[in-house]
Amino acid sequence: MLWETIRLALLSVRRNVLRSFLTLLGIVIGVAAVIAMITIGSGTTEKVKNDISKLGSNLLVVRAARPERGGSTSFTPRRLEERDLIGLRKGLTNAKAVSAASQSTVRVVYGAENIAAQVTGTDTDFFIARDWDVSSGRIFSESEVRSGAGVCILGETVRQQFFGAGDPDGMSVRVNKTSCKVIGVLQAKGTSGFGQDQDAVVMMPLGAFQRRIAGNRNIDAVYIAAQDGVATSAVQESIEGIMRDTRRLAPDADDNFEVRDMTQIADAMTSATTTMTGMLGAVAGVSLLVGGIGIMNIMLVSVTERTREIGIRLAIGAHEKHILIQFLVEATVLSLLGGLIGIAIGLALAGAASLTLSIPFAPSIPIILLAVGFSALIGMVFGFFPALRGARLDPIDALRHE
Amino acid sequence: MTEKPLITFDQVWKTYGEGEASVHALAGVDLSIRRGEFVAIMGPSGSGKSTAMNIIGCLDTPTSGRYGFLGVDAGRLDRNRRAVLRNLYVGFVFQGYNLLPRTTAAENVELPLIYRGAPASERHKLAAEALEQVGLLGRQGHTPAELSGGQQQRVAIARAIVTKPTLLVADEPTGNLDTARSHEIMELLTRLNQDLGLTVVMVTHEADIAAYAQRTIGFLDGHIASDQLNRKAA
Ligand SMILES: Nc1ncnc2c1ncn2[C@@H]1O[C@H](COP(=O)(O)OP(=O)(O)OP(=O)(O)O)[C@@H](O)[C@H]1O
Ligand SMILES: [Mg+2]
């Protein structure tokens with residue numbers, strides 16, 4: 001009986017392929033959006049988490065503070081200077097690396113090739129703090145850092161662009177019109193969770209960067225790695241104390257710098273992706289509601305169109321429940337079909353996104369099953385009223401219906 | 001005749017509408033029909049024939065009075081109980097055939113058996129038998145659109161008898177058919193009445209169609225105006 005009814009439902013879907021498809025569009029779009037968003041969202045979260053764990057959970061970053069909205073007028077942010085760095089280097093006892101860095105996106109040229117790379121001026125401690133290493137060649141020596149020598153380390157993308165399979169060691173590249181000698185290549189890091197190529201970079205000693213590229217002695221950020229086994233919060237407190245001392249801030253003055261640890265940054269990033277997923281989920285929810293109303297509408301049309309059929313069925317002995325089940329099954333089959341098409345499209349979209357953004361493809365079986373169940377539920381809920389209307393028809397009136 | 005009648009009307013009224021505008025489609029009808037009878041109902045348009053047929057077929061209930069079917073007070077049963085009664089004991093033939101479109105003859109005939117919960121193999125067997133009885137073996141796979149009016153009405157009759165009912169209710173079964181086709185259908189109904197002992201109640205406007213029955217009841221303004229046995233065509 002149930003099988004019979006399902007067969008009947010599929011038959012009536014097939015009889016009206018175009019109409020069925022148009023009806024299903026709402027469900028298809030809704031389910032596809034949900035599946036794509038959640039799959040892409042969880043892939044992104046996974047990627048961001050990976051990136052951040054690569055950054056190291058014991059890393060702290062000191063920057064010039066941004067003024068708080070509505071903060072006191074006496075507040076003036078101050079750029080990081082040589083003095084701050086020296087203060088931190090001398091004062092911090094619970095850090096294993098204190099590194100200054102400045103960055104700028106600059107065109108790097110080799111022969112006829114050129115590429116826009118993020119150029120970072122820094123020191124040897126940077127490699128400890130960020131846990132970076134070279135895949136070939138070497139990092140800067142202490143003396144190269146001290147003298148601000150014209151040497152550089154290339155990111156993998158830059159190396160590939162300029163030298164292909166070749167070894168760049170000892171070659172000269174031009175960074176912002178000054179030439180520097182390649183001493184090593186960084187280990188490849190791939191694309192970040194936000195689709196940024198992390199290998200389109202060039203590293204050079206901070207002094208060289210300040211003199212030849214920035215043209216000033218600014219420091220963008222100080223990266224500090226806490227000693228193993230020391231809580232980042234303890235290190236953060238020490239940093240704040242030293243910075244205030246170095247800058248001679250009055251006890252009641254606001255900090256004119258900020259210290260953040262990577263777990264805070266990680267939380268901010270994941271919560272951003274979660275909010276995004278949530279918002280798009282709400283949009284998808286609305287589209288599912290619209291899809292449900294579409295199903296209800298088409299089922300009402302179907303019941304009206306088939307009034308005479310219902311009359312015949314009632315006359316030859318169908319119960320109310322037979323008619324109810326028939327139309328309920330039809331609505332459910334219809335919306336389930338939409339759900340399955342939506343899941344297929346959603347997964348295809350997520351697959352394409354994971355290829356182009358190079359994030360992991362992370363389909364979730366429970367979410368897919370939930371979508372299947374939910375689309376069936378939509379069919380039942382929105383199909384119920386039309387089905388009930390059909391079941392309650394008076395057989396005599398129904399038979400007279402033209 | 002000691003056997004209880006199959007059908008009894010006891011002061012049956014059927015009233016549509018309220019107060020001034022009310023119409024008495026049936027106004028105190030008394031009637032009894034025995035098992036195995038072949039009855040024709042005649043009368044002018046609007047005299048209440050279809051209204052009576054709907055009550056006889058347990059599709060409808062009287063406004064007042066008692067309708068007894070198989071000794072049951074069928075007029076007091078709820079719609080689902082009447083659905084069971086129809087499914088088990090009543091077969092319907094309509095003027096407009098009323099087959100399901102885009103559905104094969106065999107599937108149409110099987111339909112009442114589906115609501116009885118019969119297994120597929122039994123349904124196929126019984127449907128084939130019923131189609132053979134109406135002379136349509138070999139047309140199982142045709143849809144109504146592929147069949148002539150006469151053939152469609154035969155499929156409808158096969159659907160009505162596939163459950164081996166006690167009563168066949170036919171409201172103007174030949175109303176849409178030409179004379180030759182009408183007589184073929186009437187010969188079929190007569191055979192079913194004689195061979196299977198099927199009780200047949202039929203509405204018609206034509207005397208030569210009514211002549212196939214053993215008894216003719218004349219309706220006029222919701223009353224029975226005449227009730228007579230036909231000359232037996234031997
Ligand atoms: N659902 C209804 N609502 C209101 N009045 C109705 C309804 N059904 C029937 N009637 C009225 O009841 C009366 C009897 O109708 P019925 O259909 O029984 O006539 P009939 O004898 O079958 O006529 P015909 O030969 O034209 O089929 C008519 O006056 C009709 O208008
Ligand atoms: Mg009538």
# chains A, B, ... in the order shown; residues from 1 in each chain; ligands from 1
call {"tool": "closest_atom_pairs", "arguments": {"of": "chain B", "to": "chain A", "cutoff": "12 Å", "atoms": "only C-alpha atoms", "output": "Markdown table"}}
result
| residue | atom | partner | partner_atom | distance |
| --- | --- | --- | --- | --- |
| B:Ser50 | CA | A:Ile396 | CA | 10.2 |
| B:Thr51 | CA | A:Ile396 | CA | 9.8 |
| B:Met53 | CA | A:Ile396 | CA | 11.0 |
| B:Asn54 | CA | A:Ile396 | CA | 7.8 |
| B:Ile55 | CA | A:Ile396 | CA | 10.5 |
| B:Gly57 | CA | A:Ala315 | CA | 8.8 |
| B:Cys58 | CA | A:Ala315 | CA | 8.9 |
| B:Leu59 | CA | A:Ala315 | CA | 6.8 |
| B:Asp60 | CA | A:Ile396 | CA | 7.6 |
| B:Thr61 | CA | A:Ile396 | CA | 11.2 |
| B:Asp78 | CA | A:His319 | CA | 11.1 |
| B:Arg79 | CA | A:His319 | CA | 8.2 |
| B:Asn80 | CA | A:His319 | CA | 5.6 |
| B:Arg81 | CA | A:His319 | CA | 8.6 |
| B:Arg82 | CA | A:Gly317 | CA | 8.1 |
| B:Ala83 | CA | A:Gly317 | CA | 4.5 |
| B:Val84 | CA | A:Gly317 | CA | 5.7 |
| B:Leu85 | CA | A:Gly317 | CA | 7.5 |
| B:Arg86 | CA | A:Gly317 | CA | 5.4 |
| B:Asn87 | CA | A:Gly317 | CA | 4.1 |
| B:Leu88 | CA | A:Gly317 | CA | 7.9 |
| B:Tyr89 | CA | A:Gly317 | CA | 9.8 |
| B:Val90 | CA | A:Ile316 | CA | 7.9 |
| B:Gly91 | CA | A:Ile316 | CA | 7.1 |
| B:Phe92 | CA | A:Ile316 | CA | 7.2 |
| B:Val93 | CA | A:Ile316 | CA | 10.2 |
| B:Phe94 | CA | A:Leu399 | CA | 9.5 |
| B:Gln95 | CA | A:Leu399 | CA | 11.1 |
| B:Gly96 | CA | A:Leu399 | CA | 9.9 |
| B:Tyr97 | CA | A:Ile312 | CA | 10.0 |
| B:Asn98 | CA | A:Ile312 | CA | 6.7 |
| B:Leu99 | CA | A:Ile312 | CA | 7.8 |
| B:Leu100 | CA | A:Glu309 | CA | 6.3 |
| B:Pro101 | CA | A:Glu309 | CA | 8.5 |
| B:Arg102 | CA | A:Arg15 | CA | 9.2 |
| B:Thr103 | CA | A:Leu11 | CA | 10.1 |
| B:Glu107 | CA | A:Leu8 | CA | 11.2 |
| B:Asn108 | CA | A:Arg313 | CA | 10.2 |
| B:Val109 | CA | A:Ile316 | CA | 10.6 |
| B:Glu110 | CA | A:Ile316 | CA | 10.8 |
| B:Leu111 | CA | A:Arg313 | CA | 7.8 |
| B:Pro112 | CA | A:Ile316 | CA | 5.6 |
| B:Leu113 | CA | A:Gly317 | CA | 9.2 |
| B:Ile114 | CA | A:Met1 | CA | 6.9 |
| B:Tyr115 | CA | A:Ala318 | CA | 5.7 |
| B:Arg116 | CA | A:Gly317 | CA | 8.1 |
| B:Gly117 | CA | A:Met1 | CA | 6.8 |
| B:Ala118 | CA | A:Met1 | CA | 8.9 |
| B:Pro119 | CA | A:Met1 | CA | 8.8 |
| B:Ala120 | CA | A:Met1 | CA | 9.5 |
| B:Ala156 | CA | A:Ile312 | CA | 10.8 |
| B:Arg159 | CA | A:Ile316 | CA | 8.9 |
| B:Ala160 | CA | A:Ile316 | CA | 8.0 |
| B:Ile161 | CA | A:Ile316 | CA | 10.9 |
| B:Val162 | CA | A:Ile316 | CA | 10.9 |
| B:Thr163 | CA | A:Ile316 | CA | 9.9 |
| B:Pro165 | CA | A:Ile316 | CA | 11.0 |
| B:Leu168 | CA | A:Ile316 | CA | 11.6 |
| B:Val169 | CA | A:Ala315 | CA | 11.2 |
call {"tool": "select_by_dssp", "arguments": {"residues": "segment 27-196 of chain B", "states": "helix (DSSP H, G or I)", "output": "VMD selection string"}}
result
chain B and resid 49 to 56 74 to 76 79 to 89 105 to 114 120 to 133 144 to 146 149 to 161 179 to 196
call {"tool": "residues_near_ligand", "arguments": {"ligand": "ligand 2", "cutoff": "9 Å", "atoms": "only C-alpha atoms and all ligand atoms", "output": "number ranges by chain"}}
result
B: 45-51, 53, 171-172, 203
call {"tool": "closest_residue", "arguments": {"among": "B:Gly68, B:Asn193, B:Val200, B:His223", "to": "Trp13 of chain B", "atoms": "only C-alpha atoms"}}
result
B:His223
call {"tool": "select_by_dssp", "arguments": {"residues": "segment 25-175 of chain A", "states": "strand (DSSP E)", "output": "count of residues only"}}
result
44
call {"tool": "closest_residue", "arguments": {"among": "A:His401, A:Lys96, A:Lys181, A:Arg138", "to": "ligand 1", "atoms": "only C-alpha atoms and all ligand atoms"}}
result
A:His401
call {"tool": "residues_around", "arguments": {"residues": "Gly121 of chain A", "least_positions_apart": "2", "cutoff": "8 Å", "atoms": "only C-alpha atoms", "output": "ChimeraX atom specification"}}
result
/A:101-103,119,123,203-210
call {"tool": "write_last_selection", "arguments": {"atoms": "N, CA and C atoms", "output": "PDB file, in the first residue's frame"}}
result
ATOM      1  N   ALA A 101      59.262  43.495  13.483  1.00  0.00           N
ATOM      2  CA  ALA A 101      59.017  43.302  12.055  1.00  0.00           C
ATOM      3  C   ALA A 101      58.255  44.480  11.487  1.00  0.00           C
ATOM      4  N   SER A 102      58.590  44.800  10.208  1.00  0.00           N
ATOM      5  CA  SER A 102      57.818  45.781   9.466  1.00  0.00           C
ATOM      6  C   SER A 102      57.521  45.191   8.106  1.00  0.00           C
ATOM      7  N   GLN A 103      56.366  45.593   7.529  1.00  0.00           N
ATOM      8  CA  GLN A 103      55.949  44.952   6.286  1.00  0.00           C
ATOM      9  C   GLN A 103      55.461  45.967   5.297  1.00  0.00           C
ATOM     10  N   VAL A 119      56.877  42.132   1.533  1.00  0.00           N
ATOM     11  CA  VAL A 119      58.268  42.146   1.989  1.00  0.00           C
ATOM     12  C   VAL A 119      58.283  42.450   3.487  1.00  0.00           C
ATOM     13  N   ASP A 123      64.274  40.118  12.098  1.00  0.00           N
ATOM     14  CA  ASP A 123      65.546  39.658  12.656  1.00  0.00           C
ATOM     15  C   ASP A 123      65.531  38.147  12.818  1.00  0.00           C
ATOM     16  N   MET A 203      61.770  38.040   2.717  1.00  0.00           N
ATOM     17  CA  MET A 203      62.227  38.454   4.045  1.00  0.00           C
ATOM     18  C   MET A 203      63.599  39.105   3.909  1.00  0.00           C
ATOM     19  N   MET A 204      63.794  40.175   4.664  1.00  0.00           N
ATOM     20  CA  MET A 204      65.141  40.777   4.684  1.00  0.00           C
ATOM     21  C   MET A 204      65.412  41.334   6.073  1.00  0.00           C
ATOM     22  N   PRO A 205      66.681  41.659   6.407  1.00  0.00           N
ATOM     23  CA  PRO A 205      66.972  42.223   7.723  1.00  0.00           C
ATOM     24  C   PRO A 205      66.184  43.531   7.905  1.00  0.00           C
ATOM     25  N   LEU A 206      65.720  43.766   9.141  1.00  0.00           N
ATOM     26  CA  LEU A 206      64.881  44.928   9.435  1.00  0.00           C
ATOM     27  C   LEU A 206      65.565  46.239   9.015  1.00  0.00           C
ATOM     28  N   GLY A 207      66.871  46.342   9.315  1.00  0.00           N
ATOM     29  CA  GLY A 207      67.619  47.563   8.995  1.00  0.00           C
ATOM     30  C   GLY A 207      67.588  47.843   7.504  1.00  0.00           C
ATOM     31  N   ALA A 208      67.785  46.785   6.703  1.00  0.00           N
ATOM     32  CA  ALA A 208      67.773  46.944   5.250  1.00  0.00           C
ATOM     33  C   ALA A 208      66.399  47.380   4.781  1.00  0.00           C
ATOM     34  N   PHE A 209      65.364  46.762   5.351  1.00  0.00           N
ATOM     35  CA  PHE A 209      63.988  47.110   4.979  1.00  0.00           C
ATOM     36  C   PHE A 209      63.706  48.567   5.286  1.00  0.00           C
ATOM     37  N   GLN A 210      64.095  49.018   6.510  1.00  0.00           N
ATOM     38  CA  GLN A 210      63.793  50.387   6.930  1.00  0.00           C
ATOM     39  C   GLN A 210      64.502  51.397   6.038  1.00  0.00           C
TER      40      GLN A 210
END
call {"tool": "decode", "arguments": {"residues": "segment 251-274 of chain A", "atoms": "C-alpha atoms", "output": "tab-separated table (two decimals), in the first residue's frame"}}
result
chain	number	residue	atom	x	y	z
A	251	PRO	CA	49.43	55.43	36.19
A	252	ASP	CA	46.07	56.87	35.07
A	253	ALA	CA	46.93	57.13	31.36
A	254	ASP	CA	45.57	54.62	28.84
A	255	ASP	CA	47.86	52.14	27.11
A	256	ASN	CA	49.03	53.57	23.79
A	257	PHE	CA	49.92	50.11	22.50
A	258	GLU	CA	48.11	46.77	22.37
A	259	VAL	CA	49.17	43.24	23.17
A	260	ARG	CA	47.27	40.32	21.69
A	261	ASP	CA	47.89	36.63	21.85
A	262	MET	CA	47.17	34.24	19.02
A	263	THR	CA	44.38	32.37	20.79
A	264	GLN	CA	42.43	35.65	20.93
A	265	ILE	CA	43.05	36.19	17.24
A	266	ALA	CA	42.03	32.61	16.49
A	267	ASP	CA	38.80	33.04	18.44
A	268	ALA	CA	38.03	36.27	16.61
A	269	MET	CA	38.57	34.58	13.24
A	270	THR	CA	36.52	31.47	13.96
A	271	SER	CA	33.72	33.49	15.46
A	272	ALA	CA	33.70	35.60	12.28
A	273	THR	CA	33.25	32.52	10.11
A	274	THR	CA	30.61	31.16	12.51
